[in-house]
Amino acid sequence: MTKTARRTALIVAMCIATGMWAQTTTPSAVAPPATSSAQSDENKPAHLSERERAAQELKQQEKQRIFGIIPNFNTTDNQNAAPLSPGQKFHLMFKSAVDPFQFVASGLSAGLNQADNNFPGYGQGAQGYAKRFGAAYADQFDGLLWGNAILPILLHEDPRYFRKGKGSFKKRFFYAISTTVITRNDNGTRGPNYANVLGNLISGGISNAYYPATDRGLGLTFQNAFTVTAEGAIGSIFTEFWPDINRHLPHRHRTQTETREPVSQ
């Protein structure tokens with residue numbers, strides 16, 4: 001089992017053990033408020049600008065979590081979502097980067113690397129673990145910074161995952177994988193995902209500044225870039241099919257209308 005697979009299995013096992021099931025909320029899943037045909041024009045909402053519409057959609061995205069724990073802020077079901085402004089791209093990146101789960105994931109990754117004695121230059125014990133933890137989090141933060149904020153702003157690319165949500169398993173599977181190299185631009189067209197590819201290479205190169213001297217070099221750059229790319233592809237597949245998986249999971253938290261028998265009069 002690879003490091004990525006073990007890390008994923010450990011995270012899923014932790015979520016199952018805590019029993020924290022929750023329905024992922026997506027913008028398309030939010031029911032619009034009921035309206036009346038007799039509603040006056042004064043009570044109807046004013047026309048929103050693209051930036052205002054994007055801000056509303058982001059508020060919904062920021063509620064999205066897988067298993068009720070794992071942030072899923074960068075996903076939208078809305079194929080006609082408003083383009084994000086530079087400030088909104090930075091906001092989305094930063095919210096993902098500082099989410100508590102990122103620190104949990106970095107801690108798990110550091111633990112696995114220490115158990116396997118990867119990057120032995122860090123040593124063992126608490127000091128070795130702290131260095132591995134810092135490196136793991138720095139990898140995540142750099143990847144998000146360059147791949148989800150700086151480069152998407154400069155290249156006018158949308159850093160979000162636009163979930164297909166329908167079609168055959170095969171089409172959705174390959175669509176999810178393709179998003180690592182193909183993305184949506186701010187103008188609505190699709191093109192090469194330069195931000196993701198270049199962002200992974202840049203963050204891989206930056207990692208040479210804090211990994212042990214014996215592990216630095218071109219090999220580390222491409223190793224980290226490939227690892228992040230592979231993890232991104234796996235994450236896209238899971239994100240694409242998560243709502244389908246979630247519908248078949250036993251949810252512990254139900255509303256009263258779902259769990260309570262109607263009281264006979």
# chains A, B, ... in the order shown; residues from 1 in each chain; ligands from 1
>>> select_by_dssp(residues="region 51-256 of chain A", states="helix (DSSP H, G or I)", output="PyMOL selection string")
chain A and resi 51-61+86-97+100-115+120-122+125-155+169-178+194-209+213-215+218-246+256
>>> closest_residue(among="A:Pro192, A:Gly147, A:Gln114, A:Phe169", to="Phe133 (chain A)", atoms="only C-alpha atoms")
A:Gln114
>>> residues_around(residues="Pro152 (chain A)", least_positions_apart="6", cutoff="7 Å", atoms="only C-alpha atoms", output="PDB file with N, CA and C atoms, in the first residue's frame")
ATOM      1  N   ASP A 158     -10.185  29.236 -13.168  1.00  0.00           N
ATOM      2  CA  ASP A 158     -11.037  29.020 -11.995  1.00  0.00           C
ATOM      3  C   ASP A 158     -10.476  27.829 -11.213  1.00  0.00           C
ATOM      4  N   PRO A 159     -10.122  28.019  -9.940  1.00  0.00           N
ATOM      5  CA  PRO A 159      -9.492  26.943  -9.172  1.00  0.00           C
ATOM      6  C   PRO A 159     -10.460  25.887  -8.645  1.00  0.00           C
ATOM      7  N   ALA A 195      -2.340  26.241 -14.043  1.00  0.00           N
ATOM      8  CA  ALA A 195      -2.175  26.586 -12.630  1.00  0.00           C
ATOM      9  C   ALA A 195      -1.890  25.352 -11.788  1.00  0.00           C
TER      10      ALA A 195
END
>>> atom_distance(atom1="CA of Gln64 (chain A)", atom2="CA of Asp77 (chain A)")
11.4 Å
>>> atom_distance(atom1="CA of Asn72 (chain A)", atom2="CA of Tyr194 (chain A)")
21.8 Å
>>> residues_around(residues="Asp186 (chain A)", least_positions_apart="4", cutoff="6 Å", atoms="only C-alpha atoms", output="PDB file with N, CA and C atoms, in the first residue's frame")
ATOM      1  N   PRO A  83     -17.857  33.733 -12.078  1.00  0.00           N
ATOM      2  CA  PRO A  83     -16.390  33.710 -11.931  1.00  0.00           C
ATOM      3  C   PRO A  83     -15.962  34.408 -10.652  1.00  0.00           C
ATOM      4  N   HIS A 156      -6.007  33.653 -15.144  1.00  0.00           N
ATOM      5  CA  HIS A 156      -7.461  33.768 -15.302  1.00  0.00           C
ATOM      6  C   HIS A 156      -8.129  32.399 -15.383  1.00  0.00           C
ATOM      7  N   GLU A 157      -7.732  31.512 -14.484  1.00  0.00           N
ATOM      8  CA  GLU A 157      -8.326  30.183 -14.401  1.00  0.00           C
ATOM      9  C   GLU A 157      -9.153  30.065 -13.120  1.00  0.00           C
ATOM     10  N   ASP A 158     -10.185  29.236 -13.168  1.00  0.00           N
ATOM     11  CA  ASP A 158     -11.037  29.020 -11.995  1.00  0.00           C
ATOM     12  C   ASP A 158     -10.476  27.829 -11.213  1.00  0.00           C
TER      13      ASP A 158
END
>>> select_by_dssp(residues="region 98-254 of chain A", states="strand (DSSP E)", output="number ranges by chain")
A: 161-162, 182-184, 190-192
>>> closest_residue(among="A:Gly107, A:Gly128, A:Gly199, A:Gly121", to="Leu145 (chain A)", atoms="only C-alpha atoms")
A:Gly199
>>> residues_around(residues="Phe141 (chain A)", least_positions_apart="6", cutoff="12 Å", atoms="only C-alpha atoms", output="ChimeraX atom specification")
/A:93-99,102-103,106,134-135,147-149,199-200,202-204,206-207,228
>>> write_last_selection(atoms="C-alpha atoms", output="compact mmCIF listing (two decimals), in the first residue's frame")
# COMPACT_ATOMS: atom_id res chain seq x y z
CA MET A 93 -7.54 29.33 -0.83
CA PHE A 94 -6.84 30.73 2.64
CA LYS A 95 -10.02 29.27 4.15
CA SER A 96 -9.01 25.84 2.90
CA ALA A 97 -5.38 26.24 3.97
CA VAL A 98 -6.12 27.15 7.60
CA ASP A 99 -8.99 24.74 8.14
CA GLN A 102 -5.39 20.47 7.19
CA PHE A 103 -3.40 20.30 10.43
CA SER A 106 -0.45 17.00 8.15
CA GLY A 134 6.07 21.32 9.28
CA ALA A 135 7.17 19.94 5.91
CA GLY A 147 -2.28 26.24 -7.60
CA ASN A 148 -5.47 27.78 -6.17
CA ALA A 149 -4.65 31.47 -5.83
CA GLY A 199 1.68 25.11 -9.13
CA ASN A 200 2.64 21.54 -8.23
CA ILE A 202 6.66 25.32 -8.06
CA SER A 203 5.62 23.96 -4.66
CA GLY A 204 7.78 20.90 -5.30
CA ILE A 206 10.10 25.24 -2.90
CA SER A 207 10.17 22.07 -0.80
CA VAL A 228 0.42 16.18 -5.13
>>> closest_residue(among="A:Gly205, A:Gly219, A:Pro250, A:Gly232", to="Ser178 (chain A)", atoms="only C-alpha atoms")
A:Gly232
>>> closest_residue(among="A:Ser49, A:Leu92, A:Ala54, A:Arg132", to="Leu112 (chain A)", atoms="only C-alpha atoms")
A:Arg132
>>> atom_distance(atom1="CA of Asn196 (chain A)", atom2="CA of Ala225 (chain A)")
9.8 Å
>>> decode(residues="region 129-235 of chain A", atoms="C-alpha atoms", output="mmCIF file, in the first residue's frame")
data_model
loop_
_atom_site.group_PDB
_atom_site.id
_atom_site.type_symbol
_atom_site.label_atom_id
_atom_site.label_comp_id
_atom_site.auth_asym_id
_atom_site.auth_seq_id
_atom_site.Cartn_x
_atom_site.Cartn_y
_atom_site.Cartn_z
ATOM 1 C CA TYR A 129 8.021 14.520 14.073
ATOM 2 C CA ALA A 130 7.793 18.326 14.339
ATOM 3 C CA LYS A 131 10.013 18.731 11.271
ATOM 4 C CA ARG A 132 7.963 16.208 9.275
ATOM 5 C CA PHE A 133 4.757 17.913 10.371
ATOM 6 C CA GLY A 134 6.070 21.318 9.280
ATOM 7 C CA ALA A 135 7.169 19.936 5.914
ATOM 8 C CA ALA A 136 3.822 18.216 5.319
ATOM 9 C CA TYR A 137 1.854 21.366 6.103
ATOM 10 C CA ALA A 138 4.214 23.554 4.053
ATOM 11 C CA ASP A 139 3.679 21.222 1.079
ATOM 12 C CA GLN A 140 -0.094 21.603 1.383
ATOM 13 C CA PHE A 141 0.017 25.361 1.904
ATOM 14 C CA ASP A 142 2.412 26.002 -1.001
ATOM 15 C CA GLY A 143 0.327 23.830 -3.315
ATOM 16 C CA LEU A 144 -2.852 25.716 -2.426
ATOM 17 C CA LEU A 145 -1.172 29.122 -2.605
ATOM 18 C CA TRP A 146 0.256 28.649 -6.084
ATOM 19 C CA GLY A 147 -2.277 26.245 -7.596
ATOM 20 C CA ASN A 148 -5.473 27.779 -6.173
ATOM 21 C CA ALA A 149 -4.647 31.469 -5.831
ATOM 22 C CA ILE A 150 -1.564 33.082 -7.404
ATOM 23 C CA LEU A 151 -1.485 31.234 -10.731
ATOM 24 C CA PRO A 152 -5.285 31.092 -11.242
ATOM 25 C CA ILE A 153 -5.339 34.878 -10.750
ATOM 26 C CA LEU A 154 -2.470 35.512 -13.171
ATOM 27 C CA LEU A 155 -3.746 32.992 -15.748
ATOM 28 C CA HIS A 156 -7.461 33.768 -15.302
ATOM 29 C CA GLU A 157 -8.326 30.183 -14.401
ATOM 30 C CA ASP A 158 -11.037 29.020 -11.995
ATOM 31 C CA PRO A 159 -9.492 26.943 -9.172
ATOM 32 C CA ARG A 160 -12.733 25.150 -8.317
ATOM 33 C CA TYR A 161 -13.821 21.618 -9.189
ATOM 34 C CA PHE A 162 -17.023 21.740 -11.239
ATOM 35 C CA ARG A 163 -18.748 18.481 -10.410
ATOM 36 C CA LYS A 164 -20.297 16.736 -13.407
ATOM 37 C CA GLY A 165 -22.836 14.871 -11.272
ATOM 38 C CA LYS A 166 -24.549 12.986 -14.096
ATOM 39 C CA GLY A 167 -23.757 10.580 -16.893
ATOM 40 C CA SER A 168 -22.168 7.158 -16.871
ATOM 41 C CA PHE A 169 -19.593 6.118 -14.286
ATOM 42 C CA LYS A 170 -16.917 5.948 -16.984
ATOM 43 C CA LYS A 171 -17.568 9.481 -18.247
ATOM 44 C CA ARG A 172 -17.613 10.946 -14.740
ATOM 45 C CA PHE A 173 -14.488 8.998 -13.730
ATOM 46 C CA PHE A 174 -12.407 10.213 -16.649
ATOM 47 C CA TYR A 175 -13.837 13.721 -16.338
ATOM 48 C CA ALA A 176 -12.634 13.833 -12.708
ATOM 49 C CA ILE A 177 -9.135 12.705 -13.690
ATOM 50 C CA SER A 178 -9.004 15.139 -16.612
ATOM 51 C CA THR A 179 -9.475 18.139 -14.312
ATOM 52 C CA THR A 180 -5.874 17.783 -13.154
ATOM 53 C CA VAL A 181 -4.805 18.976 -16.630
ATOM 54 C CA ILE A 182 -7.965 20.661 -17.980
ATOM 55 C CA THR A 183 -9.801 23.437 -16.173
ATOM 56 C CA ARG A 184 -12.433 26.109 -16.579
ATOM 57 C CA ASN A 185 -11.270 29.638 -17.351
ATOM 58 C CA ASP A 186 -12.818 32.752 -15.865
ATOM 59 C CA ASN A 187 -14.582 33.462 -19.175
ATOM 60 C CA GLY A 188 -16.368 30.089 -19.045
ATOM 61 C CA THR A 189 -14.246 28.285 -21.639
ATOM 62 C CA ARG A 190 -12.168 25.190 -20.897
ATOM 63 C CA GLY A 191 -8.435 24.920 -21.411
ATOM 64 C CA PRO A 192 -5.166 23.518 -20.048
ATOM 65 C CA ASN A 193 -4.896 23.563 -16.261
ATOM 66 C CA TYR A 194 -1.597 25.418 -16.199
ATOM 67 C CA ALA A 195 -2.175 26.586 -12.630
ATOM 68 C CA ASN A 196 -2.388 23.055 -11.271
ATOM 69 C CA VAL A 197 0.558 21.644 -13.221
ATOM 70 C CA LEU A 198 2.853 24.627 -12.712
ATOM 71 C CA GLY A 199 1.682 25.108 -9.128
ATOM 72 C CA ASN A 200 2.637 21.545 -8.232
ATOM 73 C CA LEU A 201 6.068 21.986 -9.817
ATOM 74 C CA ILE A 202 6.655 25.316 -8.062
ATOM 75 C CA SER A 203 5.618 23.963 -4.660
ATOM 76 C CA GLY A 204 7.783 20.898 -5.299
ATOM 77 C CA GLY A 205 10.739 23.161 -6.020
ATOM 78 C CA ILE A 206 10.100 25.243 -2.896
ATOM 79 C CA SER A 207 10.174 22.072 -0.802
ATOM 80 C CA ASN A 208 13.927 21.889 -1.433
ATOM 81 C CA ALA A 209 14.280 24.752 1.035
ATOM 82 C CA TYR A 210 13.075 22.742 4.039
ATOM 83 C CA TYR A 211 13.611 19.041 3.299
ATOM 84 C CA PRO A 212 16.835 17.356 4.513
ATOM 85 C CA ALA A 213 19.886 18.164 2.398
ATOM 86 C CA THR A 214 20.301 14.508 1.432
ATOM 87 C CA ASP A 215 16.799 14.470 -0.111
ATOM 88 C CA ARG A 216 16.974 17.746 -2.015
ATOM 89 C CA GLY A 217 17.361 18.126 -5.745
ATOM 90 C CA LEU A 218 15.422 17.758 -8.965
ATOM 91 C CA GLY A 219 14.205 14.346 -7.844
ATOM 92 C CA LEU A 220 12.457 15.801 -4.800
ATOM 93 C CA THR A 221 10.837 18.509 -6.925
ATOM 94 C CA PHE A 222 9.284 16.033 -9.341
ATOM 95 C CA GLN A 223 8.504 13.500 -6.600
ATOM 96 C CA ASN A 224 6.504 16.015 -4.597
ATOM 97 C CA ALA A 225 4.872 17.445 -7.735
ATOM 98 C CA PHE A 226 3.820 13.966 -8.865
ATOM 99 C CA THR A 227 2.559 13.048 -5.389
ATOM 100 C CA VAL A 228 0.419 16.179 -5.128
ATOM 101 C CA THR A 229 -0.906 15.665 -8.668
ATOM 102 C CA ALA A 230 -1.813 12.043 -7.941
ATOM 103 C CA GLU A 231 -3.495 13.010 -4.683
ATOM 104 C CA GLY A 232 -5.404 15.717 -6.560
ATOM 105 C CA ALA A 233 -6.659 13.201 -9.116
ATOM 106 C CA ILE A 234 -7.767 10.807 -6.368
ATOM 107 C CA GLY A 235 -9.420 13.680 -4.539
#
